[in-house]
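K.L.:
Just dropping this structure here.
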Amino acid sequence: SSPQVTLVEHPDVRRMLLAQKSYVEGALALVLLAARLHDDSETAPSDAEREEALALLGLLTPVVKSWPSQYGPAANDLAIQVLGGAGYTRDFDVELHYRDNRLNPIHEGTHGIQALDLLGRKVLLDGGKALGLLVARVHASAARARATGVDGSALADRLTTACDDVVATTAALGALGDPQRMLADATAYLEAAGHLVVAWIWLDQWLAAHGKEGTFYDGKRAAATYFLTRELPRTGPMLAMLREADALTLTLDPTVL
């Protein structure tokens with residue numbers, strides 16, 4: 001008996017649209033960061049800065065290849081869901097975008113291949129030097145956010161907690177002394193690391209928008225808050241599972257599949 005309202009008036013639709021915004025704009029910012037690091041690796045004024053940029057670029061390359069290709073289709077999937085059954089028809093182009101983007105996760109090798117590269121090579125290279133550089137940048141952004149006040153501090157705490165969790169999990173996996181066990185669930189590590197990196201980028205965007213007025217900046221703050229409070233916490237169970245290092249997939253009899 002209530003009057004009809006537009007779809008966007010429903011909180012769950014707003015959730016789906018905000019999730020799409022956080023995925024798409026987060027992925028774009030991730031790719032732009034990689035481009036900046038590539039430029040810095042060749043044009044930064046000092047050898048040390050060029051080496052740091054190159055190390056970070058190497059560490060993040062598997063994430064850049066995999067995270068946007070995983071969460072781009074996730075955004076397309078949500079776009080279809082917003083429109084219900086109509087989203088699966090050719091009356092709207094969201095189904096076309098989903099089909100086109102679904103190719104991306106296999107363009108540069110599957111997520112499993114990128115995960116093996118990240119956990120098996122990149123994070124352990126040079127004694128974890130590149131991971132240390134990333135962690136330092138994450139904590140620097142968090143310190144800047146805390147300096148803005150209560151809201152910034154709350155987001156910064158979420159980010160640093162997840163960052164410390166990734167570091168602890170990396171150390172625990174490295175201490176196993178068994179490459180097969182360490183890499184058995186590397187895909188979960190890749191996804192958790194990707195969420196951490198994108199959350200860090202979103203905090204930087206939140207900082208850039210802090211104190212500025214207008215719908216563009218309001219949207220940036222909303223998407224950053226969404227990602228850090230709704231998406232980033234998903235890394236906790238992934239990392240906890242990794243630290244358990246069970247041998248389920250290593251010992252499973254293929255005939256049961």
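Residue names in the structure tokens use chain letters A, B, ... in the order shown, residue numbers from 1 in each chain, and ligand numbers from 1 in the order shown.
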Let's see if you can do this: from backbone DSSP, list all alpha helix (DSSP H) residues in segment 127-249 of chain A, as an NGL selection string.
P.N.:
:A and (129-146 or 150-174 or 179-183 or 186-209 or 215-226 or 235-244 or 248-249)
K.L.:
So which residues touch Ala186 of chain A within 8 Å, counting only C-alpha atoms, skipping near sequence neighbours fewer than 4 positions away, as a PyMOL selection string?
P.N.:
chain A and resi 112+115-116+119+182+190
K.L.:
Give me the residues near Leu173 of chain A as a count of residues only, where near means some atom within 10 Å (using only C-alpha atoms) and where sequence neighbours in that chain fewer than 2 positions away do not count.
P.N.:
18
K.L.:
Mind running segment 170-236 of chain A against segment 65-81 of chain A at 10 Å and telling me each contacting residue's nearest atom pair with the distance in Å (one decimal), counting only C-alpha atoms, chain and number ascending, as JSON lines?
P.N.:
```
{"residue": "A:Leu190", "atom": "CA", "partner": "A:Ser66", "partner_atom": "CA", "distance": 8.3}
{"residue": "A:Glu191", "atom": "CA", "partner": "A:Trp67", "partner_atom": "CA", "distance": 7.1}
{"residue": "A:Ala192", "atom": "CA", "partner": "A:Trp67", "partner_atom": "CA", "distance": 9.9}
{"residue": "A:Ala193", "atom": "CA", "partner": "A:Trp67", "partner_atom": "CA", "distance": 9.4}
{"residue": "A:Gly194", "atom": "CA", "partner": "A:Trp67", "partner_atom": "CA", "distance": 6.0}
{"residue": "A:His195", "atom": "CA", "partner": "A:Trp67", "partner_atom": "CA", "distance": 8.1}
{"residue": "A:Val197", "atom": "CA", "partner": "A:Trp67", "partner_atom": "CA", "distance": 9.8}
{"residue": "A:Val198", "atom": "CA", "partner": "A:Trp67", "partner_atom": "CA", "distance": 8.8}
```
K.L.:
Write out as a PDB file with C-alpha atoms, in the first residue's frame which residues come within 10 Å of segment 39-46 of chain A when counting only C-alpha atoms, dropping same-chain ones fewer than 6 positions away.
P.N.:
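Below you can see around39.pdb, which holds the result:
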```pdb
ATOM      1  CA  LEU A  33      49.490   3.333  -8.542  1.00  0.00           C
ATOM      2  CA  GLU A  52      62.122   1.247  -3.870  1.00  0.00           C
ATOM      3  CA  ALA A  53      59.596   1.925  -6.623  1.00  0.00           C
ATOM      4  CA  LEU A  54      60.803  -1.093  -8.603  1.00  0.00           C
ATOM      5  CA  ALA A  55      60.605  -3.355  -5.549  1.00  0.00           C
ATOM      6  CA  LEU A  56      57.068  -2.224  -4.734  1.00  0.00           C
ATOM      7  CA  LEU A  57      56.001  -2.609  -8.350  1.00  0.00           C
TER       8      LEU A  57
END
```
K.L.:
Could you pull the residues within 10 Å of Ala208 of chain A, counting only C-alpha atoms, minus those fewer than 4 positions along the same chain, as JSON, numbers by chain?
P.N.:
{"A": [202, 203, 204, 212, 217, 220, 221]}
K.L.:
Give me a file of those residues, with N, CA, C and O atoms, as a PDB file, in the first residue's frame.
P.N.:
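Done, and the output landed in again06.pdb:
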```pdb
ATOM      1  N   TRP A 202      42.320   3.224  -0.615  1.00  0.00           N
ATOM      2  CA  TRP A 202      41.084   3.939  -0.280  1.00  0.00           C
ATOM      3  C   TRP A 202      41.301   4.903   0.885  1.00  0.00           C
ATOM      4  O   TRP A 202      40.709   5.990   0.921  1.00  0.00           O
ATOM      5  N   LEU A 203      42.136   4.524   1.841  1.00  0.00           N
ATOM      6  CA  LEU A 203      42.403   5.458   2.941  1.00  0.00           C
ATOM      7  C   LEU A 203      43.114   6.697   2.413  1.00  0.00           C
ATOM      8  O   LEU A 203      42.825   7.821   2.845  1.00  0.00           O
ATOM      9  N   ASP A 204      44.021   6.519   1.459  1.00  0.00           N
ATOM     10  CA  ASP A 204      44.679   7.676   0.858  1.00  0.00           C
ATOM     11  C   ASP A 204      43.673   8.557   0.114  1.00  0.00           C
ATOM     12  O   ASP A 204      43.785   9.794   0.124  1.00  0.00           O
ATOM     13  N   LYS A 212      36.914  18.457   2.182  1.00  0.00           N
ATOM     14  CA  LYS A 212      36.440  19.058   0.936  1.00  0.00           C
ATOM     15  C   LYS A 212      34.948  18.789   0.754  1.00  0.00           C
ATOM     16  O   LYS A 212      34.440  17.755   1.177  1.00  0.00           O
ATOM     17  N   TYR A 217      33.507  14.354  -3.503  1.00  0.00           N
ATOM     18  CA  TYR A 217      34.263  14.038  -2.303  1.00  0.00           C
ATOM     19  C   TYR A 217      33.431  13.235  -1.311  1.00  0.00           C
ATOM     20  O   TYR A 217      33.950  12.352  -0.621  1.00  0.00           O
ATOM     21  N   LYS A 220      33.668   9.719  -2.454  1.00  0.00           N
ATOM     22  CA  LYS A 220      34.960   9.117  -2.122  1.00  0.00           C
ATOM     23  C   LYS A 220      34.998   8.699  -0.649  1.00  0.00           C
ATOM     24  O   LYS A 220      35.458   7.600  -0.307  1.00  0.00           O
ATOM     25  N   ARG A 221      34.510   9.566   0.234  1.00  0.00           N
ATOM     26  CA  ARG A 221      34.516   9.234   1.662  1.00  0.00           C
ATOM     27  C   ARG A 221      33.600   8.050   1.948  1.00  0.00           C
ATOM     28  O   ARG A 221      33.937   7.162   2.752  1.00  0.00           O
TER      29      ARG A 221
END
```
K.L.:
Env of Thr161 of chain A: 12 Å cut, atoms = only C-alpha atoms, seq-sep filter 3 positions within chain, self excluded. Answer as a PyMOL selection string.
P.N.:
chain A and resi 135+138-139+142+154-158+164-168+196+199-200+228+232-233+235-236
K.L.:
Mind pulling up the distance from atom CA of Arg230 of chain A to atom CA of Ala19 of chain A?
P.N.:
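Spanning atom CA of Ala19 of chain A to atom CA of Arg230 of chain A is a straight-line distance of 9.0 Å.
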